[in-house]
Every structure is written in structure tokens, then in C-alpha cells.
$ cat run-v9.txt   # compact mmCIF, C-alpha atoms
# COMPACT_ATOMS: atom_id res chain seq x y z
CA MET H 1 -1.12 25.21 -5.45
CA ARG H 2 -3.37 22.54 -4.00
CA VAL H 3 -3.93 23.05 -0.28
CA ASP H 4 -3.74 19.30 0.39
CA LEU H 5 -0.05 19.39 -0.58
CA PHE H 6 0.53 21.01 2.80
CA ASP H 7 -1.20 18.33 4.84
CA PHE H 8 0.53 15.99 7.28
CA ASP H 9 -0.53 13.63 10.07
CA LEU H 10 -0.05 15.05 13.56
CA PRO H 11 -0.74 12.87 16.61
CA PRO H 12 -2.93 14.87 19.02
CA GLU H 13 -0.55 14.15 21.90
CA ARG H 14 2.06 16.31 20.18
CA ILE H 15 -0.06 19.45 20.77
CA ALA H 16 1.27 21.38 23.76
CA LEU H 17 -1.44 22.55 26.19
CA ARG H 18 0.99 24.39 28.49
CA PRO H 19 4.39 25.98 27.91
CA VAL H 20 7.56 24.48 29.33
CA ARG H 21 9.03 26.23 32.36
CA PRO H 22 11.24 28.14 32.21
CA ARG H 23 10.21 29.43 28.82
CA ASP H 24 13.70 29.20 27.34
CA ALA H 25 13.88 25.46 28.14
CA ALA H 26 11.96 24.67 24.94
CA ARG H 27 13.60 22.54 22.28
CA MET H 28 14.51 23.97 18.87
CA LEU H 29 14.90 22.13 15.58
CA VAL H 30 17.47 23.76 13.30
CA VAL H 31 16.66 23.41 9.60
CA ARG H 32 19.26 24.64 7.12
CA GLY H 33 19.02 24.90 3.37
CA GLY H 34 19.99 22.13 1.02
CA ASP H 35 20.49 18.62 2.35
CA ALA H 36 22.13 19.56 5.65
CA PRO H 37 21.03 17.23 8.46
CA PHE H 38 18.48 18.52 10.93
CA GLU H 39 19.96 19.64 14.26
CA ASP H 40 18.17 18.93 17.53
CA ALA H 41 19.00 21.93 19.71
CA GLY H 42 17.39 24.08 22.37
CA VAL H 43 16.21 27.68 22.43
CA LEU H 44 19.11 28.48 24.79
CA ASP H 45 21.50 27.52 21.95
CA LEU H 46 20.27 30.41 19.81
CA PRO H 47 23.20 32.78 20.59
CA GLN H 48 25.65 30.17 19.26
CA LEU H 49 23.53 29.46 16.16
CA LEU H 50 23.51 33.07 14.99
CA ASN H 51 26.42 35.31 14.00
CA PRO H 52 27.59 38.58 15.59
CA GLY H 53 25.89 41.38 13.66
CA ASP H 54 22.76 39.36 12.88
CA VAL H 55 19.50 41.06 13.85
CA LEU H 56 16.59 39.34 15.59
CA VAL H 57 13.34 41.17 14.87
CA PHE H 58 10.54 40.76 17.44
CA ASN H 59 6.88 41.70 17.37
CA ASP H 60 6.04 43.90 20.38
CA THR H 61 2.27 43.57 20.09
CA ARG H 62 0.42 42.84 23.33
CA VAL H 63 -2.42 40.32 23.48
CA ILE H 64 -5.64 41.78 24.86
CA PRO H 65 -8.38 39.71 26.57
CA ALA H 66 -10.34 39.75 23.34
CA GLN H 67 -12.87 36.96 23.93
CA LEU H 68 -16.22 37.97 25.37
CA GLU H 69 -19.31 36.01 26.41
CA GLY H 70 -22.64 37.81 26.51
CA GLN H 71 -26.38 37.81 26.02
CA ARG H 72 -28.68 39.24 23.40
CA GLY H 73 -32.08 38.68 24.92
CA ASP H 74 -32.24 34.95 25.65
CA ALA H 75 -29.43 34.11 23.19
CA ARG H 76 -25.86 33.41 24.24
CA ILE H 77 -23.43 35.34 22.06
CA GLY H 78 -19.67 34.82 21.90
CA ALA H 79 -17.41 37.48 20.41
CA THR H 80 -13.72 37.35 19.51
CA LEU H 81 -12.42 40.80 18.62
CA HIS H 82 -10.50 40.68 15.38
CA LYS H 83 -9.42 44.17 14.30
CA ARG H 84 -9.69 47.64 15.78
CA ILE H 85 -11.67 50.08 13.64
CA ASP H 86 -11.44 53.14 15.90
CA LEU H 87 -11.39 54.02 19.60
CA ARG H 88 -14.79 52.45 20.36
CA ARG H 89 -15.43 50.05 17.50
CA TRP H 90 -13.92 46.63 16.73
CA GLN H 91 -14.58 44.05 14.07
CA ALA H 92 -15.41 40.73 15.76
CA PHE H 93 -16.08 37.12 14.84
CA ILE H 94 -19.36 36.06 16.44
CA ARG H 95 -20.44 32.70 17.78
CA ASN H 96 -24.20 32.10 17.37
CA ALA H 97 -24.26 34.93 14.81
CA LYS H 98 -27.62 33.74 13.44
CA ARG H 99 -29.20 35.12 16.62
CA LEU H 100 -27.69 38.57 16.07
CA LYS H 101 -28.75 41.33 13.70
CA PRO H 102 -27.57 44.91 13.15
CA GLY H 103 -28.81 47.22 15.90
CA ASP H 104 -28.92 44.54 18.61
CA GLU H 105 -27.31 45.27 21.98
CA ILE H 106 -25.12 42.60 23.59
CA LEU H 107 -24.66 42.54 27.38
CA PHE H 108 -21.21 41.16 28.24
CA GLY H 109 -21.43 41.56 32.00
CA ALA H 110 -19.31 43.72 34.35
CA GLY H 111 -21.07 46.77 32.91
CA VAL H 112 -19.75 46.13 29.39
CA THR H 113 -22.17 46.48 26.45
CA ALA H 114 -21.87 46.77 22.69
CA ILE H 115 -24.14 47.42 19.73
CA ALA H 116 -23.83 45.13 16.71
CA GLU H 117 -23.61 47.86 14.09
CA ALA H 118 -23.09 45.99 10.84
CA ARG H 119 -22.51 42.49 9.49
CA HIS H 120 -19.56 41.98 7.13
CA GLU H 121 -19.34 39.66 4.14
CA ASP H 122 -17.28 37.12 6.10
CA GLY H 123 -20.00 36.92 8.78
CA SER H 124 -18.17 39.06 11.33
CA PHE H 125 -19.75 42.15 12.92
CA THR H 126 -18.68 45.65 13.81
CA LEU H 127 -19.22 46.07 17.56
CA ALA H 128 -19.55 49.57 19.01
CA PHE H 129 -18.82 49.55 22.75
CA GLY H 130 -20.83 51.73 25.10
CA GLY H 131 -19.56 54.14 27.74
CA ASP H 132 -16.52 56.37 27.91
CA GLU H 133 -13.84 54.02 29.23
CA PRO H 134 -11.21 52.81 26.77
CA VAL H 135 -12.20 49.48 25.23
CA GLU H 136 -8.98 47.96 26.61
CA VAL H 137 -10.19 48.77 30.15
CA LEU H 138 -13.54 47.13 29.41
CA LEU H 139 -11.79 44.01 28.12
CA GLU H 140 -9.63 43.69 31.22
CA ARG H 141 -12.87 43.66 33.20
CA ALA H 142 -15.02 41.35 31.06
CA GLY H 143 -12.78 39.56 28.56
CA ARG H 144 -10.53 36.53 28.63
CA MET H 145 -7.37 35.59 26.78
CA PRO H 146 -8.14 34.23 23.29
CA LEU H 147 -6.30 30.91 23.34
CA PRO H 148 -6.08 29.11 19.99
CA PRO H 149 -8.99 26.72 19.32
CA TYR H 150 -6.72 23.67 19.41
CA ILE H 151 -5.89 24.50 23.05
CA ALA H 152 -9.22 25.97 24.13
CA SER H 153 -11.07 22.87 22.89
CA LYS H 154 -9.07 20.71 25.30
CA ARG H 155 -9.02 22.85 28.44
CA GLY H 156 -10.42 26.09 29.82
CA THR H 157 -8.57 29.39 29.89
CA ASP H 158 -7.24 30.19 33.34
CA GLU H 159 -5.30 32.89 35.17
CA ALA H 160 -1.93 31.38 34.21
CA ASP H 161 -2.68 32.07 30.54
CA ARG H 162 -2.71 35.83 31.16
CA GLU H 163 1.04 35.60 31.72
CA ASP H 164 1.91 32.50 29.68
CA TYR H 165 0.28 33.85 26.49
CA GLN H 166 2.14 37.17 26.63
CA THR H 167 5.70 37.74 25.40
CA ILE H 168 8.50 39.55 27.20
CA PHE H 169 8.35 42.19 24.44
CA ALA H 170 4.59 42.91 24.74
CA ARG H 171 4.07 46.67 24.74
CA GLU H 172 1.52 47.75 22.11
CA ASP H 173 -2.08 46.70 22.90
CA GLY H 174 -4.05 45.24 20.03
CA ALA H 175 -3.35 41.56 19.26
CA VAL H 176 -5.85 38.77 19.73
CA ALA H 177 -3.18 36.09 19.31
CA ALA H 178 0.38 35.97 20.61
CA PRO H 179 3.47 36.15 18.37
CA THR H 180 4.32 32.72 19.73
CA ALA H 181 7.96 32.47 18.61
CA SER H 182 8.75 35.18 21.15
CA LEU H 183 7.12 33.30 24.04
CA HIS H 184 10.44 31.44 24.49
CA PHE H 185 12.50 34.51 25.38
CA THR H 186 13.63 35.32 28.91
CA PRO H 187 15.96 37.92 30.43
CA ARG H 188 18.83 35.41 30.61
CA LEU H 189 18.44 34.49 26.94
CA LEU H 190 18.38 38.16 25.95
CA ASP H 191 21.55 38.74 28.00
CA ALA H 192 23.23 35.82 26.20
CA LEU H 193 22.21 37.21 22.81
CA ASP H 194 23.60 40.63 23.73
CA ALA H 195 26.87 39.06 24.86
CA ALA H 196 27.12 37.20 21.54
CA GLY H 197 26.77 40.41 19.54
CA ILE H 198 23.28 39.67 18.24
CA ILE H 199 21.32 42.86 17.59
CA ARG H 200 17.67 43.11 18.67
CA THR H 201 14.86 45.36 17.46
CA THR H 202 11.06 45.39 17.36
CA LEU H 203 8.17 46.14 15.06
CA THR H 204 4.42 45.93 15.68
CA LEU H 205 1.89 43.69 13.96
CA HIS H 206 -1.48 43.32 15.69
CA ILE H 207 -2.43 39.71 15.00
CA GLY H 208 -6.12 39.20 14.30
CA ALA H 209 -8.39 36.24 14.99
CA GLY H 210 -8.19 35.41 11.29
CA THR H 211 -4.91 33.67 12.08
CA PHE H 212 -6.96 30.85 13.66
CA LEU H 213 -9.28 30.36 10.69
CA PRO H 214 -8.72 27.22 8.62
CA VAL H 215 -8.00 27.38 4.91
CA LYS H 216 -11.28 26.25 3.35
CA ALA H 217 -10.27 26.67 -0.29
CA GLU H 218 -8.91 23.73 -2.27
CA ASP H 219 -6.33 25.93 -4.01
CA THR H 220 -4.11 28.56 -2.37
CA GLU H 221 -5.08 31.10 -5.04
CA ASP H 222 -8.65 31.06 -3.74
CA HIS H 223 -7.78 31.79 -0.09
CA GLN H 224 -8.37 35.33 1.21
CA MET H 225 -6.13 36.52 4.05
CA HIS H 226 -7.53 38.90 6.68
CA ALA H 227 -5.79 42.27 6.90
CA GLU H 228 -3.82 43.13 10.04
CA PHE H 229 -2.38 46.47 11.14
CA GLY H 230 1.39 46.83 11.34
CA ARG H 231 4.04 49.46 11.97
CA ILE H 232 7.80 49.66 11.34
CA SER H 233 9.48 52.86 12.53
CA ALA H 234 12.00 54.78 10.48
CA GLU H 235 14.61 54.02 13.14
CA THR H 236 14.01 50.28 12.91
CA ALA H 237 14.09 50.31 9.10
CA ALA H 238 17.40 52.21 9.16
CA LEU H 239 18.91 49.81 11.70
CA LEU H 240 17.95 46.79 9.61
CA ASN H 241 19.27 48.23 6.36
CA GLU H 242 22.54 49.22 8.04
CA ALA H 243 22.99 45.77 9.59
CA ARG H 244 22.38 44.05 6.27
CA ALA H 245 24.82 46.41 4.50
CA LYS H 246 27.47 45.27 7.02
CA GLY H 247 26.80 41.60 6.26
CA GLY H 248 24.39 40.83 9.07
CA ARG H 249 21.39 38.59 8.53
CA ILE H 250 17.84 39.62 9.39
CA ILE H 251 16.17 36.85 11.36
CA ALA H 252 12.45 37.26 12.02
CA ALA H 253 11.29 35.99 15.41
CA GLY H 254 7.96 34.66 14.22
CA THR H 255 5.88 34.62 11.07
CA THR H 256 4.16 37.87 12.04
CA ALA H 257 7.46 39.77 12.06
CA LEU H 258 8.39 38.08 8.78
CA ARG H 259 5.13 39.01 7.05
CA LEU H 260 5.44 42.67 8.03
CA LEU H 261 9.09 42.85 6.99
CA GLU H 262 8.24 41.37 3.61
CA SER H 263 5.39 43.88 3.25
CA ALA H 264 7.81 46.76 3.87
CA THR H 265 10.71 45.64 1.64
CA ASP H 266 11.19 46.67 -1.98
CA GLU H 267 12.68 44.66 -4.85
CA SER H 268 16.19 45.96 -4.06
CA ARG H 269 15.85 44.49 -0.55
CA MET H 270 15.61 47.90 1.12
CA ILE H 271 13.29 47.93 4.13
CA HIS H 272 11.10 51.01 4.44
CA PRO H 273 9.09 52.49 7.31
CA PHE H 274 5.58 51.08 7.27
CA GLU H 275 2.25 51.93 8.86
CA GLY H 276 -0.99 50.38 7.68
CA ASP H 277 -2.69 47.10 6.90
CA THR H 278 -1.08 44.06 5.35
CA ALA H 279 -2.78 40.95 4.00
CA ILE H 280 0.33 39.38 2.47
CA PHE H 281 -0.05 35.65 1.76
CA ILE H 282 3.25 33.83 1.24
CA THR H 283 3.28 30.49 -0.56
CA PRO H 284 5.99 28.51 -2.42
CA GLY H 285 7.34 30.48 -5.34
CA TYR H 286 7.52 33.70 -3.34
CA ARG H 287 10.92 35.47 -3.46
CA PHE H 288 11.93 36.61 0.01
CA LYS H 289 13.41 40.11 0.23
CA GLY H 290 13.12 41.26 3.83
CA VAL H 291 14.44 38.31 5.86
CA ASP H 292 17.32 35.86 5.79
CA GLY H 293 15.92 33.41 8.33
CA LEU H 294 13.04 32.67 10.66
CA MET H 295 12.55 31.40 14.19
CA THR H 296 9.06 29.95 14.53
CA ASN H 297 6.98 27.34 16.32
CA PHE H 298 5.48 24.29 14.61
CA HIS H 299 2.29 24.98 12.69
CA LEU H 300 -1.02 23.37 11.76
CA PRO H 301 -1.40 21.08 8.75
CA LYS H 302 -2.74 22.90 5.66
CA SER H 303 -2.34 26.28 7.43
CA THR H 304 -1.13 29.50 5.82
CA LEU H 305 1.82 29.41 8.24
CA PHE H 306 2.96 25.96 7.11
CA MET H 307 2.67 27.28 3.55
CA LEU H 308 4.90 30.21 4.58
CA VAL H 309 7.67 28.05 6.05
CA SER H 310 7.41 25.81 2.99
CA ALA H 311 7.95 28.87 0.81
CA LEU H 312 11.07 29.76 2.80
CA MET H 313 12.69 26.31 2.96
CA GLY H 314 10.91 24.23 0.31
CA ARG H 315 7.79 22.14 0.79
CA GLU H 316 9.48 18.73 0.74
CA ARG H 317 12.18 20.00 3.10
CA MET H 318 9.59 21.17 5.62
CA GLN H 319 7.53 18.00 5.32
CA ALA H 320 10.68 16.08 6.22
CA ALA H 321 11.49 18.49 9.07
CA TYR H 322 8.02 18.12 10.55
CA ALA H 323 8.19 14.33 10.22
CA HIS H 324 11.49 14.48 12.14
CA ALA H 325 9.90 16.72 14.79
CA ILE H 326 6.93 14.38 15.23
CA ALA H 327 9.13 11.27 15.42
CA ASN H 328 11.34 12.97 18.01
CA GLU H 329 8.41 14.16 20.12
CA TYR H 330 8.70 17.90 19.64
CA ARG H 331 5.76 19.85 21.08
CA PHE H 332 3.59 21.65 18.51
CA TYR H 333 1.75 24.97 18.20
CA SER H 334 1.52 28.08 20.36
CA TYR H 335 2.80 26.62 23.63
CA GLY H 336 5.15 24.18 21.92
CA ASP H 337 8.78 24.01 20.85
CA SER H 338 10.59 26.11 18.27
CA SER H 339 12.41 25.80 14.99
CA LEU H 340 15.16 27.90 13.40
CA LEU H 341 14.96 28.05 9.61
CA LEU H 342 18.09 29.21 7.80
CA PRO H 343 17.74 28.88 4.00
CA GLY H 344 21.11 30.41 3.10
$ encode --input "run-v9.txt" --output "C-alpha cells"
Amino acid sequence: MRVDLFDFDLPPERIALRPVRPRDAARMLVVRGGDAPFEDAGVLDLPQLLNPGDVLVFNDTRVIPAQLEGQRGDARIGATLHKRIDLRRWQAFIRNAKRLKPGDEILFGAGVTAIAEARHEDGSFTLAFGGDEPVEVLLERAGRMPLPPYIASKRGTDEADREDYQTIFAREDGAVAAPTASLHFTPRLLDALDAAGIIRTTLTLHIGAGTFLPVKAEDTEDHQMHAEFGRISAETAALLNEARAKGGRIIAAGTTALRLLESATDESRMIHPFEGDTAIFITPGYRFKGVDGLMTNFHLPKSTLFMLVSALMGRERMQAAYAHAIANEYRFYSYGDSSLLLPG
């Protein structure tokens, strides 16, 4: 499909630069299948919008301070870690990459150094970090939170982002972007979901910096997704299959959870344990097998994520939903409001 079919006009003032406080005070647009009217609700209404026995699936990845600023000789080098290769090596997108060649050492300050081992076809590098400390320890010392470009271009990263850009479920280190649908959840909302009989479980998908890259192709068939590592335990797969067999719906909290569930589900709609990379790219025409609904924030024009929600609900339906959200002053993107998409 043509990428420009997924374009829309977004006033810049609709981009949220900070989250609402408390987190669960965000608004939520409910979009149902067919011609049902859009419902203007709030995240705190979620327990009443789902059914007892439904399962919310959250991504428990933890965002690491994956952006580094350093020097290679007299050249300033920026690095955004993208994907772990092993204990000491990460693939990274490089700013000012023309000043870097394989074998160069980058000094990131605070005693943190790395060797640029190899350049990849997409222009990224493998960075091998020096020393014996875990890379995560080095990043806590020298790195900063990797806010999305549409926020970072308007303000600097500060100490508040270390908490604001981390979900209540964050447990497994490795993401360089937050699973933003889960940023809205608080202890009181989780208590309300439990009281309503909504089941909760987690999986892990370590979101890479590729999620921020624009789609440069003119046709969706020519776009290459970056692979990301994910894991679904046998216990989680069994819980989801049992809930669905009892009539419960599987609702992904975020596109990352959705993409991993779809990667792990077979044609009979059975969800299997999963551990490995996924580069699934979901566009209209895709037949969903792993999920029955999605809670997600509002996404960029012409992005792979807007293509995904268009695949779930229909492109014209989502164009109309986003027009409604813009007209009614919903807040967009990572720190913005939410939507609940229920195609059935």
C-alpha cells in the first residue's frame, strides 16, 4: 500500500511534552468496530470498558539510559543503543557517523569507552564497551533516557524523565523506548482492574531505536522493520490460551505487546512460548490471531504504528478516530492520551 495513505495533519500543539499527573488521569478514546460512535472516556474507565475474564497483556521491558554523547578525537559522536548483541556489545545508531570508522575508540565520559567494531548496512555500528562492569551500570553512569525525537527536539531530557518514561511494570532491562500504553497505569488502576475481574499478565519485548525511524519508502512493501528481541513464557502462553478458551478477550496494552503476541500465535489462534527476534510488520490486510483488542497511545502520521492500528480497525475508521481526537484536543504520542480499540 502507498505510505501516503496513512498521512494526516497533526497540529504541533497536540504533541504532549510531559505526561499528565497522576498518570491514570489521561483521557482515552474508545473506538469500536463498525459504525459505533466514538466514546470520549478516561483511562480510569478501563475496568468498566472490559469484561470479567478479559486479559490485559503488558510489556515488562525496562528502558535503559541508552543515549550517549562522546568524543572520537576532535569529533562529537552521539550514540543511541538499539539492540543488545551480547554482554559487552550493542548495535547503535550513530550521530556524526561519517567521522567514525571501524576500530575507533569513543570516549563517553565517566570512565565509559567503546570501540566501534563494525558498520552495518543501515549505517549503525556495533559498539564494544570496555572494562568489566555490566553495560547497564556504565549506562546509568554516562547515559540519558532516550526520549522520542518529537519530544527531544522541543526540550531537553531531565531527571523527571527517568521516572516519567518508565512503566509500573518495568522489570527486564533492555528497551531504548518505553511501551507507552503502560505509562498510564498506577496502583489504584491495577486494584480497580483486579476488582473488576480483569486478568493481568506480562511478556517482554525490548523496543529498539528503530521504532523512532521514519518510513522512507513510498510503498509499505519496501519498508524493512528492525528486529527486536522478545520473550513469552510457557506460563503466560498457557494462561492466555486458557482465558480465551473460557471466552475472555486478549487485550494488548501497547503495540509492542501486540506485535509479540501475533509473532507467537499460530493459524488456529493458539499462543505459544516464544524467545527470539521478531520483525513483524502489520499493515491492512493482516489477519489478527493473537489479540482481540488494543490499548495504545496516538501515533505519528505515516508511521508503522498508525499502519498497525489501521490494520486492526480499518484505515478509514482510524483516520476518522484521529480526526476526532485532534478536534477534541487529545494529547498525542508517548506522553499523551490513550485509545482503546475493540474491533469485535
$ closest_atom_pairs --input "run-v9.txt" --of "range 254-338 of chain H" --to "range 4-12 of chain H" --cutoff "12 Å" --atoms "all atoms listed in the file" --output "CSV"
residue,atom,partner,partner_atom,distance
H:Thr283,CA,H:Phe6,CA,10.4
H:Pro284,CA,H:Phe6,CA,10.6
H:Phe298,CA,H:Leu10,CA,10.8
H:His299,CA,H:Leu10,CA,10.2
H:Leu300,CA,H:Asp7,CA,8.6
H:Pro301,CA,H:Asp7,CA,4.8
H:Lys302,CA,H:Phe6,CA,4.7
H:Ser303,CA,H:Phe6,CA,7.6
H:Thr304,CA,H:Phe6,CA,9.2
H:Leu305,CA,H:Phe6,CA,10.1
H:Phe306,CA,H:Phe6,CA,7.0
H:Met307,CA,H:Phe6,CA,6.7
H:Leu308,CA,H:Phe6,CA,10.3
H:Val309,CA,H:Phe6,CA,10.5
H:Ser310,CA,H:Phe6,CA,8.4
H:Ala311,CA,H:Phe6,CA,11.0
H:Gly314,CA,H:Phe6,CA,11.1
H:Arg315,CA,H:Phe6,CA,7.6
H:Glu316,CA,H:Phe6,CA,9.5
H:Arg317,CA,H:Phe6,CA,11.7
H:Met318,CA,H:Phe6,CA,9.5
H:Gln319,CA,H:Phe8,CA,7.5
H:Ala320,CA,H:Phe8,CA,10.2
H:Ala321,CA,H:Phe8,CA,11.4
H:Tyr322,CA,H:Phe8,CA,8.4
H:Ala323,CA,H:Phe8,CA,8.4
H:His324,CA,H:Leu10,CA,11.6
H:Ala325,CA,H:Leu10,CA,10.2
H:Ile326,CA,H:Leu10,CA,7.2
H:Ala327,CA,H:Pro11,CA,10.1
H:Glu329,CA,H:Pro11,CA,9.9
H:Tyr330,CA,H:Leu10,CA,11.0
H:Arg331,CA,H:Pro12,CA,10.2
H:Phe332,CA,H:Leu10,CA,9.0
H:Tyr333,CA,H:Leu10,CA,11.1
$ residues_around --input "run-v9.txt" --residues "Met28 in chain H" --least-positions-apart "4" --cutoff "8 Å" --atoms "all atoms listed in the file" --output "ChimeraX atom specification"
/H:40-43,337-340
$ atom_distance --input "run-v9.txt" --atom1 "CA of Ala25 in chain H" --atom2 "CA of Pro148 in chain H"
21.9 Å
$ residues_around --input "run-v9.txt" --residues "range 124-135 of chain H" --least-positions-apart "6" --cutoff "7 Å" --atoms "only C-alpha atoms" --output "NGL selection string"
:H and (88-94 or 113-118)
$ residues_around --input "run-v9.txt" --residues "range 56-64 of chain H" --least-positions-apart "4" --cutoff "8 Å" --atoms "only C-alpha atoms" --output "PyMOL selection string"
chain H and resi 136+139-140+145+165-167+169-179+182+198-207+250-254+256-257
$ closest_residue --input "run-v9.txt" --among "H:Ile15, H:Asp35, H:Tyr286, H:Ile85" --to "Tyr150 in chain H" --atoms "only C-alpha atoms"
H:Ile15
$ atom_distance --input "run-v9.txt" --atom1 "CA of Val55 in chain H" --atom2 "CA of Leu341 in chain H"
14.4 Å
$ atom_distance --input "run-v9.txt" --atom1 "CA of Gly123 in chain H" --atom2 "CA of Leu100 in chain H"
10.7 Å
$ residues_near_point --input "run-v9.txt" --point "(18.7, 33.5, 11.2)" --cutoff "6 Å" --atoms "only C-alpha atoms" --output "list in words"
Ile251, Gly293, Leu294 and Leu342 of chain H
$ closest_residue --input "run-v9.txt" --among "H:Ala142, H:Arg155, H:Pro22, H:Leu240" --to "Thr186 in chain H" --atoms "all atoms listed in the file"
H:Pro22
$ residues_around --input "run-v9.txt" --residues "Leu193 in chain H" --least-positions-apart "2" --cutoff "12 Å" --atoms "only C-alpha atoms" --output "list in words"
Val43, Leu44, Asp45, Leu46, Pro47, Gln48, Leu49, Leu50, Asn51, Pro52, Gly53, Asp54, Val55, Leu56, Phe185, Thr186, Pro187, Arg188, Leu189, Leu190, Asp191, Ala195, Ala196, Gly197, Ile198, Ile199 and Arg200 of chain H
$ closest_residue --input "run-v9.txt" --among "H:Lys101, H:Lys154, H:Arg72, H:Arg231" --to "Phe274 in chain H" --atoms "only C-alpha atoms"
H:Arg231
$ closest_residue --input "run-v9.txt" --among "H:Ala264, H:Val3, H:Leu17, H:Pro343" --to "Ser153 in chain H" --atoms "only C-alpha atoms"
H:Leu17
$ closest_residue --input "run-v9.txt" --among "H:Leu87, H:Ala234, H:Leu258, H:Leu107" --to "Thr296 in chain H" --atoms "all atoms listed in the file"
H:Leu258
$ residues_near_point --input "run-v9.txt" --point "(-28.1, 34.2, 24.8)" --cutoff "10 Å" --atoms "only C-alpha atoms" --output "list in words"
Glu69, Gly70, Gln71, Arg72, Gly73, Asp74, Ala75, Arg76, Ile77, Gly78, Asn96, Arg99, Leu100, Ile106 and Leu107 of chain H
